[in-house]
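> Below is the file work_24.pdb, with PDB, C-alpha atoms.
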ATOM      1  CA  MET A 233     -82.543 -10.801-148.481
ATOM      2  CA  GLN A 234     -86.180 -10.386-147.576
ATOM      3  CA  LEU A 235     -86.627  -6.705-146.769
ATOM      4  CA  ASP A 236     -90.189  -6.186-145.666
ATOM      5  CA  GLY A 237     -91.275  -9.622-144.543
ATOM      6  CA  GLN A 238     -90.779 -11.344-141.256
ATOM      7  CA  ARG A 239     -87.813 -10.553-139.077
ATOM      8  CA  GLU A 240     -85.029 -12.453-140.767
ATOM      9  CA  GLN A 241     -83.398 -15.081-138.630
ATOM     10  CA  ASN A 242     -80.279 -13.833-136.835
ATOM     11  CA  ARG A 243     -80.801 -10.281-138.103
ATOM     12  CA  GLU A 244     -81.625  -7.398-135.849
ATOM     13  CA  ILE A 245     -83.255  -4.232-137.109
ATOM     14  CA  GLU A 246     -83.025  -1.440-134.575
ATOM     15  CA  ARG A 247     -82.675   2.295-133.997
ATOM     16  CA  LYS A 248     -80.851   4.069-131.196
ATOM     17  CA  TYR A 249     -81.569   7.457-129.599
ATOM     18  CA  LEU A 250     -80.233   9.665-126.853
ATOM     19  CA  ILE A 251     -82.839  10.330-124.153
ATOM     20  CA  ARG A 252     -83.767  13.965-123.365
ATOM     21  CA  GLU A 253     -85.710  13.219-120.228
ATOM     22  CA  LEU A 254     -86.355   9.926-118.515
ATOM     23  CA  PRO A 255     -89.985   8.779-118.128
ATOM     24  CA  GLU A 256     -91.315   9.236-114.596
ATOM     25  CA  ASP A 257     -91.280   6.314-112.238
ATOM     26  CA  LEU A 258     -88.838   4.394-114.398
ATOM     27  CA  ARG A 259     -88.293   1.695-111.786
ATOM     28  CA  ARG A 260     -91.818   0.321-112.125
ATOM     29  CA  TRP A 261     -90.697  -1.243-115.425
ATOM     30  CA  GLN A 262     -88.672  -4.425-115.557
ATOM     31  CA  HIS A 263     -85.014  -3.648-115.114
ATOM     32  CA  TRP A 264     -81.733  -5.492-114.686
ATOM     33  CA  PRO A 265     -78.138  -4.475-114.069
ATOM     34  CA  ILE A 266     -75.937  -5.361-117.038
ATOM     35  CA  ALA A 267     -72.173  -5.907-117.058
ATOM     36  CA  GLN A 268     -70.641  -6.587-120.442
ATOM     37  CA  GLY A 269     -67.198  -6.872-121.944
ATOM     38  CA  TYR A 270     -65.581  -7.707-125.271
ATOM     39  CA  LEU A 271     -63.263 -10.640-125.952
ATOM     40  CA  ALA A 272     -62.397  -9.380-129.443
ATOM     41  CA  THR A 273     -63.632  -6.688-131.814
ATOM     42  CA  GLU A 274     -62.895  -5.924-135.453
ATOM     43  CA  SER A 275     -63.886  -3.135-137.790
ATOM     44  CA  ALA A 276     -67.286  -3.566-139.507
ATOM     45  CA  GLY A 277     -68.796  -4.193-136.084
ATOM     46  CA  ARG A 278     -67.544  -7.773-135.821
ATOM     47  CA  GLN A 279     -67.373  -8.582-132.126
ATOM     48  CA  VAL A 280     -67.647 -11.250-129.457
ATOM     49  CA  ARG A 281     -69.376  -9.929-126.331
ATOM     50  CA  LEU A 282     -69.856 -11.452-122.884
ATOM     51  CA  ARG A 283     -72.826 -10.181-120.898
ATOM     52  CA  LYS A 284     -74.315 -10.718-117.464
ATOM     53  CA  LYS A 285     -77.897  -9.390-117.291
ATOM     54  CA  GLY A 286     -79.274  -9.937-113.816
ATOM     55  CA  LYS A 287     -78.222 -13.546-113.230
ATOM     56  CA  GLN A 288     -78.307 -14.556-116.901
ATOM     57  CA  THR A 289     -74.950 -14.958-118.640
ATOM     58  CA  SER A 290     -74.500 -15.046-122.397
ATOM     59  CA  LEU A 291     -72.038 -14.813-125.260
ATOM     60  CA  THR A 292     -73.030 -12.880-128.390
ATOM     61  CA  PHE A 293     -71.402 -12.705-131.808
ATOM     62  CA  LYS A 294     -72.302  -9.704-133.970
ATOM     63  CA  VAL A 295     -71.204  -8.516-137.386
ATOM     64  CA  GLY A 296     -72.328  -5.486-139.367
ATOM     65  CA  ARG A 297     -73.365  -1.972-138.346
ATOM     66  CA  GLY A 298     -76.380   0.267-138.121
ATOM     67  CA  ALA A 299     -80.024  -0.651-138.434
ATOM     68  CA  HIS A 300     -79.356  -4.087-139.895
ATOM     69  CA  ARG A 301     -76.856  -6.578-138.515
ATOM     70  CA  GLU A 302     -76.293 -10.273-137.903
ATOM     71  CA  GLU A 303     -76.400 -11.500-134.325
ATOM     72  CA  ARG A 304     -75.876 -14.963-132.788
ATOM     73  CA  GLU A 305     -76.295 -15.490-129.075
ATOM     74  CA  ILE A 306     -75.896 -18.425-126.695
ATOM     75  CA  ASN A 307     -76.552 -18.656-122.969
ATOM     76  CA  LEU A 308     -73.500 -19.594-120.923
ATOM     77  CA  SER A 309     -73.447 -21.516-117.659
ATOM     78  CA  PRO A 310     -72.019 -19.508-114.732
ATOM     79  CA  LYS A 311     -68.895 -21.680-114.960
ATOM     80  CA  GLN A 312     -68.424 -21.060-118.696
ATOM     81  CA  PHE A 313     -68.898 -17.333-118.122
ATOM     82  CA  ALA A 314     -66.429 -17.210-115.225
ATOM     83  CA  ALA A 315     -63.762 -18.945-117.332
ATOM     84  CA  LEU A 316     -63.967 -16.360-120.146
ATOM     85  CA  TRP A 317     -64.789 -13.094-118.316
ATOM     86  CA  PRO A 318     -61.171 -12.243-117.282
ATOM     87  CA  GLY A 319     -60.373 -11.999-121.013
ATOM     88  CA  THR A 320     -62.482  -8.810-121.206
ATOM     89  CA  ALA A 321     -60.369  -6.847-118.672
ATOM     90  CA  GLY A 322     -60.089  -3.176-119.760
ATOM     91  CA  ARG A 323     -62.964  -3.596-122.261
ATOM     92  CA  ARG A 324     -66.035  -3.515-120.043
ATOM     93  CA  LEU A 325     -69.012  -1.341-119.209
ATOM     94  CA  ARG A 326     -71.918  -1.348-116.776
ATOM     95  CA  LYS A 327     -75.470  -0.057-117.177
ATOM     96  CA  MET A 328     -79.015  -0.469-115.863
ATOM     97  CA  ARG A 329     -81.410  -1.752-118.531
ATOM     98  CA  TYR A 330     -85.132  -0.811-118.355
ATOM     99  CA  GLU A 331     -87.618  -2.503-120.691
ATOM    100  CA  ILE A 332     -90.694  -0.456-121.545
ATOM    101  CA  PRO A 333     -93.477  -1.861-123.757
ATOM    102  CA  TRP A 334     -94.619   0.877-126.151
ATOM    103  CA  ARG A 335     -97.227   0.622-128.954
ATOM    104  CA  GLY A 336     -96.476  -3.026-129.676
ATOM    105  CA  LEU A 337     -92.722  -2.460-129.557
ATOM    106  CA  LEU A 338     -90.161  -2.730-126.781
ATOM    107  CA  ILE A 339     -88.082   0.295-125.774
ATOM    108  CA  GLU A 340     -84.846  -0.644-124.024
ATOM    109  CA  ILE A 341     -83.371   2.184-121.977
ATOM    110  CA  ASP A 342     -79.743   1.913-120.903
ATOM    111  CA  VAL A 343     -78.632   4.137-118.023
ATOM    112  CA  TYR A 344     -74.853   3.868-118.010
ATOM    113  CA  ARG A 345     -72.854   3.528-114.795
ATOM    114  CA  GLY A 346     -69.221   3.914-113.865
ATOM    115  CA  LYS A 347     -67.077   5.936-116.256
ATOM    116  CA  HIS A 348     -70.047   6.714-118.556
ATOM    117  CA  ALA A 349     -72.498   7.707-115.796
ATOM    118  CA  GLY A 350     -74.788  10.434-117.205
ATOM    119  CA  LEU A 351     -75.218   8.817-120.613
ATOM    120  CA  VAL A 352     -78.731   7.487-121.282
ATOM    121  CA  VAL A 353     -79.607   5.740-124.540
ATOM    122  CA  ALA A 354     -82.735   4.016-125.872
ATOM    123  CA  GLU A 355     -82.850   1.199-128.414
ATOM    124  CA  VAL A 356     -85.934   0.008-130.236
ATOM    125  CA  GLU A 357     -85.948  -3.252-132.178
ATOM    126  CA  PHE A 358     -88.352  -3.770-135.087
ATOM    127  CA  PRO A 359     -89.862  -6.915-136.597
ATOM    128  CA  ASN A 360     -89.248  -5.622-140.133
ATOM    129  CA  LEU A 361     -87.756  -2.724-142.098
ATOM    130  CA  ALA A 362     -91.118  -1.116-142.886
ATOM    131  CA  MET A 363     -91.888  -0.631-139.203
ATOM    132  CA  CYS A 364     -88.317   0.540-138.653
ATOM    133  CA  ARG A 365     -88.675   3.292-141.276
ATOM    134  CA  LYS A 366     -92.131   4.425-140.098
ATOM    135  CA  PHE A 367     -91.154   4.686-136.428
ATOM    136  CA  LYS A 368     -92.067   8.010-134.751
ATOM    137  CA  PRO A 369     -90.189   8.272-131.451
ATOM    138  CA  PRO A 370     -92.012   9.430-128.304
ATOM    139  CA  GLY A 371     -91.498  13.078-127.265
ATOM    140  CA  TRP A 372     -89.032  12.270-124.511
ATOM    141  CA  PHE A 373     -86.562  10.778-127.005
ATOM    142  CA  GLY A 374     -83.674  13.033-128.095
ATOM    143  CA  ARG A 375     -81.363  12.880-131.085
ATOM    144  CA  GLU A 376     -81.116   9.674-133.125
ATOM    145  CA  VAL A 377     -77.645   8.075-132.991
ATOM    146  CA  THR A 378     -78.259   4.835-134.926
ATOM    147  CA  GLY A 379     -74.955   3.518-136.286
ATOM    148  CA  GLN A 380     -72.864   6.331-134.741
ATOM    149  CA  LYS A 381     -69.624   4.812-133.571
ATOM    150  CA  ALA A 382     -69.265   7.232-130.656
ATOM    151  CA  TYR A 383     -72.297   5.587-129.034
ATOM    152  CA  SER A 384     -71.412   1.993-129.829
ATOM    153  CA  ASN A 385     -70.954  -0.140-126.742
ATOM    154  CA  VAL A 386     -67.641  -1.418-128.089
ATOM    155  CA  ARG A 387     -66.328   2.152-128.233
ATOM    156  CA  LEU A 388     -67.705   3.022-124.810
ATOM    157  CA  ALA A 389     -66.175  -0.118-123.279
ATOM    158  CA  ASN A 390     -62.734   0.670-124.704
ATOM    159  CA  GLU A 391     -62.656   4.359-123.685
TER     160      GLU A 391
ATOM    161  CA  MET B 295     -44.577 -13.574-113.877
ATOM    162  CA  GLN B 296     -43.031 -16.823-112.737
ATOM    163  CA  LEU B 297     -40.581 -17.834-115.441
ATOM    164  CA  ASP B 298     -39.151 -21.204-114.512
ATOM    165  CA  GLY B 299     -41.697 -22.603-112.084
ATOM    166  CA  GLN B 300     -44.883 -24.476-112.746
ATOM    167  CA  ARG B 301     -46.913 -23.868-115.879
ATOM    168  CA  GLU B 302     -48.672 -20.614-115.135
ATOM    169  CA  GLN B 303     -52.446 -20.843-115.147
ATOM    170  CA  ASN B 304     -53.997 -19.861-118.502
ATOM    171  CA  ARG B 305     -50.565 -19.486-120.117
ATOM    172  CA  GLU B 306     -49.300 -21.752-122.826
ATOM    173  CA  ILE B 307     -45.614 -22.179-123.601
ATOM    174  CA  GLU B 308     -45.053 -23.879-126.925
ATOM    175  CA  ARG B 309     -42.872 -24.166-130.022
ATOM    176  CA  LYS B 310     -43.955 -24.882-133.577
ATOM    177  CA  TYR B 311     -42.049 -26.633-136.403
ATOM    178  CA  LEU B 312     -42.541 -27.660-139.986
ATOM    179  CA  ILE B 313     -42.270 -31.437-140.467
ATOM    180  CA  ARG B 314     -39.682 -32.777-142.940
ATOM    181  CA  GLU B 315     -40.929 -36.324-142.964
ATOM    182  CA  LEU B 316     -43.853 -37.882-141.147
ATOM    183  CA  PRO B 317     -43.127 -40.705-138.682
ATOM    184  CA  GLU B 318     -44.019 -44.134-140.039
ATOM    185  CA  ASP B 319     -47.328 -45.650-139.159
ATOM    186  CA  LEU B 320     -48.741 -42.327-137.970
ATOM    187  CA  ARG B 321     -52.260 -43.652-137.618
ATOM    188  CA  ARG B 322     -51.361 -45.908-134.687
ATOM    189  CA  TRP B 323     -51.277 -42.742-132.523
ATOM    190  CA  GLN B 324     -54.429 -41.082-131.268
ATOM    191  CA  HIS B 325     -55.855 -38.795-133.895
ATOM    192  CA  TRP B 326     -58.935 -36.690-134.484
ATOM    193  CA  PRO B 327     -60.239 -34.587-137.348
ATOM    194  CA  ILE B 328     -60.353 -30.907-136.369
ATOM    195  CA  ALA B 329     -62.506 -28.189-137.916
ATOM    196  CA  GLN B 330     -61.945 -24.709-136.551
ATOM    197  CA  GLY B 331     -63.019 -21.188-137.389
ATOM    198  CA  TYR B 332     -62.638 -17.683-136.011
ATOM    199  CA  LEU B 333     -65.469 -15.442-134.821
ATOM    200  CA  ALA B 334     -63.179 -12.432-134.418
ATOM    201  CA  THR B 335     -59.439 -11.741-134.516
ATOM    202  CA  GLU B 336     -57.371  -8.691-133.634
ATOM    203  CA  SER B 337     -53.704  -7.837-133.940
ATOM    204  CA  ALA B 338     -51.513  -9.050-131.024
ATOM    205  CA  GLY B 339     -53.013 -12.504-131.504
ATOM    206  CA  ARG B 340     -56.291 -11.677-129.755
ATOM    207  CA  GLN B 341     -58.855 -14.137-131.101
ATOM    208  CA  VAL B 342     -62.009 -16.099-130.399
ATOM    209  CA  ARG B 343     -61.871 -19.552-131.961
ATOM    210  CA  LEU B 344     -64.506 -22.277-132.342
ATOM    211  CA  ARG B 345     -63.242 -25.824-132.681
ATOM    212  CA  LYS B 346     -64.692 -29.270-133.235
ATOM    213  CA  LYS B 347     -62.149 -32.004-132.406
ATOM    214  CA  GLY B 348     -63.702 -35.399-133.012
ATOM    215  CA  LYS B 349     -67.057 -34.928-131.302
ATOM    216  CA  GLN B 350     -65.833 -32.387-128.749
ATOM    217  CA  THR B 351     -66.806 -28.757-129.343
ATOM    218  CA  SER B 352     -65.132 -25.800-127.673
ATOM    219  CA  LEU B 353     -64.641 -22.039-127.700
ATOM    220  CA  THR B 354     -61.179 -20.627-127.000
ATOM    221  CA  PHE B 355     -60.050 -17.079-126.288
ATOM    222  CA  LYS B 356     -56.365 -16.312-126.871
ATOM    223  CA  VAL B 357     -54.279 -13.170-126.590
ATOM    224  CA  GLY B 358     -50.540 -12.693-127.171
ATOM    225  CA  ARG B 359     -48.103 -14.262-129.634
ATOM    226  CA  GLY B 360     -45.201 -16.666-129.810
ATOM    227  CA  ALA B 361     -43.966 -19.010-127.126
ATOM    228  CA  HIS B 362     -45.960 -17.430-124.322
ATOM    229  CA  ARG B 363     -49.634 -16.500-124.512
ATOM    230  CA  GLU B 364     -52.831 -16.376-122.487
ATOM    231  CA  GLU B 365     -55.526 -18.918-123.319
ATOM    232  CA  ARG B 366     -59.021 -19.498-121.911
ATOM    233  CA  GLU B 367     -61.135 -22.385-123.149
ATOM    234  CA  ILE B 368     -64.635 -23.673-122.459
ATOM    235  CA  ASN B 369     -66.416 -26.730-123.792
ATOM    236  CA  LEU B 370     -69.592 -25.958-125.718
ATOM    237  CA  SER B 371     -72.670 -28.138-125.999
ATOM    238  CA  PRO B 372     -73.445 -29.253-129.579
ATOM    239  CA  LYS B 373     -76.354 -26.779-129.550
ATOM    240  CA  GLN B 374     -74.197 -23.845-128.399
ATOM    241  CA  PHE B 375     -71.620 -24.723-131.058
ATOM    242  CA  ALA B 376     -74.203 -25.002-133.830
ATOM    243  CA  ALA B 377     -75.612 -21.559-132.970
ATOM    244  CA  LEU B 378     -72.216 -19.820-133.291
ATOM    245  CA  TRP B 379     -70.456 -21.795-136.042
ATOM    246  CA  PRO B 380     -72.094 -19.981-139.029
ATOM    247  CA  GLY B 381     -70.373 -16.797-137.759
ATOM    248  CA  THR B 382     -67.002 -18.286-138.820
ATOM    249  CA  ALA B 383     -67.919 -18.619-142.532
ATOM    250  CA  GLY B 384     -64.895 -17.763-144.710
ATOM    251  CA  ARG B 385     -62.529 -18.071-141.722
ATOM    252  CA  ARG B 386     -62.174 -21.799-141.297
ATOM    253  CA  LEU B 387     -59.652 -24.593-141.699
ATOM    254  CA  ARG B 388     -59.548 -28.371-141.390
ATOM    255  CA  LYS B 389     -56.763 -30.659-140.292
ATOM    256  CA  MET B 390     -56.046 -34.098-138.821
ATOM    257  CA  ARG B 391     -54.430 -33.904-135.398
ATOM    258  CA  TYR B 392     -52.084 -36.729-134.246
ATOM    259  CA  GLU B 393     -50.889 -36.799-130.637
ATOM    260  CA  ILE B 394     -47.521 -38.491-130.093
ATOM    261  CA  PRO B 395     -46.042 -38.905-126.595
ATOM    262  CA  TRP B 396     -42.296 -38.147-126.762
ATOM    263  CA  ARG B 397     -39.805 -38.045-123.873
ATOM    264  CA  GLY B 398     -42.356 -36.893-121.323
ATOM    265  CA  LEU B 399     -43.789 -34.288-123.716
ATOM    266  CA  LEU B 400     -46.638 -34.382-126.194
ATOM    267  CA  ILE B 401     -46.022 -33.698-129.873
ATOM    268  CA  GLU B 402     -49.137 -32.586-131.745
ATOM    269  CA  ILE B 403     -48.901 -33.046-135.494
ATOM    270  CA  ASP B 404     -51.381 -31.180-137.673
ATOM    271  CA  VAL B 405     -51.841 -32.481-141.216
ATOM    272  CA  TYR B 406     -53.837 -29.761-142.973
ATOM    273  CA  ARG B 407     -56.693 -30.566-145.325
ATOM    274  CA  GLY B 408     -58.637 -28.640-147.909
ATOM    275  CA  LYS B 409     -56.977 -25.500-149.271
ATOM    276  CA  HIS B 410     -53.824 -26.055-147.166
ATOM    277  CA  ALA B 411     -53.386 -29.754-147.983
ATOM    278  CA  GLY B 412     -49.635 -30.532-148.026
ATOM    279  CA  LEU B 413     -48.803 -28.386-145.005
ATOM    280  CA  VAL B 414     -47.726 -30.398-141.942
ATOM    281  CA  VAL B 415     -46.832 -28.686-138.669
ATOM    282  CA  ALA B 416     -45.874 -29.946-135.184
ATOM    283  CA  GLU B 417     -46.492 -28.143-131.907
ATOM    284  CA  VAL B 418     -44.918 -29.039-128.595
ATOM    285  CA  GLU B 419     -46.195 -27.585-125.337
ATOM    286  CA  PHE B 420     -43.906 -27.267-122.312
ATOM    287  CA  PRO B 421     -44.622 -27.181-118.583
ATOM    288  CA  ASN B 422     -42.137 -24.323-118.082
ATOM    289  CA  LEU B 423     -39.772 -21.990-119.951
ATOM    290  CA  ALA B 424     -36.617 -23.895-118.959
ATOM    291  CA  MET B 425     -37.850 -27.027-120.719
ATOM    292  CA  CYS B 426     -39.011 -24.897-123.629
ATOM    293  CA  ARG B 427     -35.520 -23.431-124.105
ATOM    294  CA  LYS B 428     -33.682 -26.764-123.738
ATOM    295  CA  PHE B 429     -35.895 -28.627-126.213
ATOM    296  CA  LYS B 430     -33.975 -30.571-128.909
ATOM    297  CA  PRO B 431     -36.408 -31.535-131.668
ATOM    298  CA  PRO B 432     -36.369 -35.081-133.114
ATOM    299  CA  GLY B 433     -34.584 -35.549-136.444
ATOM    300  CA  TRP B 434     -37.761 -35.706-138.498
ATOM    301  CA  PHE B 435     -38.693 -32.105-137.484
ATOM    302  CA  GLY B 436     -37.909 -29.379-140.011
ATOM    303  CA  ARG B 437     -37.527 -25.627-139.627
ATOM    304  CA  GLU B 438     -38.845 -23.926-136.472
ATOM    305  CA  VAL B 439     -41.691 -21.468-137.192
ATOM    306  CA  THR B 440     -42.702 -20.459-133.632
ATOM    307  CA  GLY B 441     -44.476 -17.088-133.710
ATOM    308  CA  GLN B 442     -44.305 -16.777-137.509
ATOM    309  CA  LYS B 443     -47.523 -15.215-138.690
ATOM    310  CA  ALA B 444     -47.490 -17.074-142.008
ATOM    311  CA  TYR B 445     -48.071 -20.305-140.088
ATOM    312  CA  SER B 446     -50.628 -19.010-137.596
ATOM    313  CA  ASN B 447     -53.963 -20.757-137.856
ATOM    314  CA  VAL B 448     -55.733 -17.395-137.978
ATOM    315  CA  ARG B 449     -53.752 -16.458-141.095
ATOM    316  CA  LEU B 450     -54.271 -19.871-142.697
ATOM    317  CA  ALA B 451     -58.011 -19.748-142.020
ATOM    318  CA  ASN B 452     -58.348 -16.317-143.631
ATOM    319  CA  GLU B 453     -56.312 -17.090-146.763
TER     320      GLU B 453
END
Let me see the structure of the file written as structure tokens.

Amino acid sequence: MQLDGQREQNREIERKYLIRELPEDLRRWQHWPIAQGYLATESAGRQVRLRKKGKQTSLTFKVGRGAHREEREINLSPKQFAALWPGTAGRRLRKMRYEIPWRGLLIEIDVYRGKHAGLVVAEVEFPNLAMCRKFKPPGWFGREVTGQKAYSNVRLANE
Amino acid sequence: MQLDGQREQNREIERKYLIRELPEDLRRWQHWPIAQGYLATESAGRQVRLRKKGKQTSLTFKVGRGAHREEREINLSPKQFAALWPGTAGRRLRKMRYEIPWRGLLIEIDVYRGKHAGLVVAEVEFPNLAMCRKFKPPGWFGREVTGQKAYSNVRLANE
């Protein structure tokens, strides 16, 4: 495993934070409503997720936890998505996703809707572990919750 | 739930048997090599399976056990399949599938390969529960193993 080189294929390196106060004028950034649900989940973060982000539909396989995990994603046609989506009943969540460019990185802010309304979380993905370790969050970020199960989307969807 | 009417949408009604002796000249029936693997599995038979049958690639979601379960399947493009298949490493099996028409039903015979070589199983799917209950297996069928975890493909793939 190459630790400090290029972003390894199919690996994501990211950190997650609660948000103390939202940046002003959030809606000037690109944003999309997201609906997602889980077909199956196992311990160790193994999961198969369906997601609709704006009009884009996808299926994502993930395994592993924390700052370093394997991820494989495919786009689905609307028809493929519609055939599978009922299988996620009772295991879904909704949020608005804002994407904010910040010092060469991308901050993704998720403002949850529905049963988790009030929860706001930011995720930052890094091209390598060195940048991940050195990251200094902006002042409006709150507590780091990377790898905390209570803030995993799987957990939130099943609550 | 409609018990004796038409095959309910997205439900499969089937029985599974060991095979005492294979019919003669098996290869005159339609047959395809199958490779399948599991992205994620839960208890209660909840699973996401990838399958390549001949050249056809698909993703199937199942939940429930035994003679009556929910199933949702989509065809995948070769590119979609190739992107997800590595996620099934260590959870795969191979078999040859023969499809034999029999008294208005279809008998599917799976001759396992690789680590399960020697195991031969037949599945019969029924259009309704009445036909499922009345089914008299042909003489070359062996013991019924419907719903037995030891013969589930998930279990076999993980062994």
> Write out as an MDAnalysis selection string each polymer residue whose atoms come within 7 Å of A:Lys285, counting all atoms listed in the file; drop sequence neighbours fewer than 6 positions from it.
chainID A and resid 264:267
> If the PyMOL selection byres ((chain A) within 12 of (chain B)) is run on the structure shown, which residues does it catch, given as a PDB file with C-alpha atoms, in the coordinates of the input?

ATOM      1  CA  GLN A 241     -83.398 -15.081-138.630  1.00  0.00           C
ATOM      2  CA  ASN A 242     -80.279 -13.833-136.835  1.00  0.00           C
ATOM      3  CA  TYR A 270     -65.581  -7.707-125.271  1.00  0.00           C
ATOM      4  CA  LEU A 271     -63.263 -10.640-125.952  1.00  0.00           C
ATOM      5  CA  ALA A 272     -62.397  -9.380-129.443  1.00  0.00           C
ATOM      6  CA  THR A 273     -63.632  -6.688-131.814  1.00  0.00           C
ATOM      7  CA  GLU A 274     -62.895  -5.924-135.453  1.00  0.00           C
ATOM      8  CA  SER A 275     -63.886  -3.135-137.790  1.00  0.00           C
ATOM      9  CA  ALA A 276     -67.286  -3.566-139.507  1.00  0.00           C
ATOM     10  CA  GLY A 277     -68.796  -4.193-136.084  1.00  0.00           C
ATOM     11  CA  ARG A 278     -67.544  -7.773-135.821  1.00  0.00           C
ATOM     12  CA  GLN A 279     -67.373  -8.582-132.126  1.00  0.00           C
ATOM     13  CA  VAL A 280     -67.647 -11.250-129.457  1.00  0.00           C
ATOM     14  CA  ARG A 281     -69.376  -9.929-126.331  1.00  0.00           C
ATOM     15  CA  LEU A 282     -69.856 -11.452-122.884  1.00  0.00           C
ATOM     16  CA  SER A 290     -74.500 -15.046-122.397  1.00  0.00           C
ATOM     17  CA  LEU A 291     -72.038 -14.813-125.260  1.00  0.00           C
ATOM     18  CA  THR A 292     -73.030 -12.880-128.390  1.00  0.00           C
ATOM     19  CA  PHE A 293     -71.402 -12.705-131.808  1.00  0.00           C
ATOM     20  CA  LYS A 294     -72.302  -9.704-133.970  1.00  0.00           C
ATOM     21  CA  VAL A 295     -71.204  -8.516-137.386  1.00  0.00           C
ATOM     22  CA  GLY A 296     -72.328  -5.486-139.367  1.00  0.00           C
ATOM     23  CA  GLU A 302     -76.293 -10.273-137.903  1.00  0.00           C
ATOM     24  CA  GLU A 303     -76.400 -11.500-134.325  1.00  0.00           C
ATOM     25  CA  ARG A 304     -75.876 -14.963-132.788  1.00  0.00           C
ATOM     26  CA  GLU A 305     -76.295 -15.490-129.075  1.00  0.00           C
ATOM     27  CA  ILE A 306     -75.896 -18.425-126.695  1.00  0.00           C
ATOM     28  CA  ASN A 307     -76.552 -18.656-122.969  1.00  0.00           C
ATOM     29  CA  LEU A 308     -73.500 -19.594-120.923  1.00  0.00           C
ATOM     30  CA  SER A 309     -73.447 -21.516-117.659  1.00  0.00           C
ATOM     31  CA  PRO A 310     -72.019 -19.508-114.732  1.00  0.00           C
ATOM     32  CA  LYS A 311     -68.895 -21.680-114.960  1.00  0.00           C
ATOM     33  CA  GLN A 312     -68.424 -21.060-118.696  1.00  0.00           C
ATOM     34  CA  PHE A 313     -68.898 -17.333-118.122  1.00  0.00           C
ATOM     35  CA  ALA A 314     -66.429 -17.210-115.225  1.00  0.00           C
ATOM     36  CA  ALA A 315     -63.762 -18.945-117.332  1.00  0.00           C
ATOM     37  CA  LEU A 316     -63.967 -16.360-120.146  1.00  0.00           C
ATOM     38  CA  TRP A 317     -64.789 -13.094-118.316  1.00  0.00           C
ATOM     39  CA  PRO A 318     -61.171 -12.243-117.282  1.00  0.00           C
ATOM     40  CA  GLY A 319     -60.373 -11.999-121.013  1.00  0.00           C
ATOM     41  CA  THR A 320     -62.482  -8.810-121.206  1.00  0.00           C
ATOM     42  CA  ALA A 321     -60.369  -6.847-118.672  1.00  0.00           C
TER      43      ALA A 321
END
> Using only C-alpha atoms, determine which residues lie at most 12 Å from A:Gly336, disregarding the query and same-chain residues fewer than 6 positions distant; provide the list as a VMD selection string.
chain A and resid 356 to 359 363 367
> Quick one: distance from atom CA of B:Tyr392 to atom CA of B:Arg437 in Å, one decimal?
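Between atom CA of B:Tyr392 and atom CA of B:Arg437 the gap is 19.1 Å.
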> Quick one: distance from atom CA of B:His325 to atom CA of B:Arg385 in Å, one decimal?
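Answer for the atom CA of B:His325 to atom CA of B:Arg385 separation: 23.1 Å.
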> Return as a list in words the set of residues that the PyMOL selection byres ((chain A and resi 248) around 9) yields on the displayed structure.
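After applying the PyMOL selection byres ((chain A and resi 248) around 9), what remains is Glu246, Arg247, Tyr249, Leu250, Ala299, Val353, Ala354, Glu355, Val356, Glu357, Arg375, Glu376, Val377, Thr378, Gly379 and Tyr383 of chain A.
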> Leaving out B:Gly384 and any residue of its chain fewer than 5 positions from it, which residues lie within 10 Å of it when counting only C-alpha atoms, given as a VMD selection string?
chain B and resid 331 to 332 451 to 453
> Using the selection just defined, write its residues with C-alpha atoms as a short mmCIF file (atom, residue, chain, number, x, y, z; two decimals), keeping the file's coordinate frame.

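Output saved as again.cif:
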data_model
loop_
_atom_site.label_atom_id
_atom_site.label_comp_id
_atom_site.auth_asym_id
_atom_site.auth_seq_id
_atom_site.Cartn_x
_atom_site.Cartn_y
_atom_site.Cartn_z
CA GLY B 331 -63.02 -21.19 -137.39
CA TYR B 332 -62.64 -17.68 -136.01
CA ALA B 451 -58.01 -19.75 -142.02
CA ASN B 452 -58.35 -16.32 -143.63
CA GLU B 453 -56.31 -17.09 -146.76
#
> Would you compute the distance between atom CA of A:Thr289 and atom CA of B:Asn447? Give it in Å to one decimal.
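Pair atom CA of A:Thr289 / atom CA of B:Asn447 returns 29.0 Å.
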> Apply the PyMOL selection byres ((chain B and resi 316-319) around 10) to the file shown and report the selected residues as a PyMOL selection string.
chain B and resi 313-315+320-323+394+403+405+414-415+434-435
> Quick one: of B:Leu413, B:Leu450, B:Met390, B:Cys426, who's nearest to B:Glu306, counting all atoms listed in the file?
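Under the stated criterion, the closest residue is B:Cys426.
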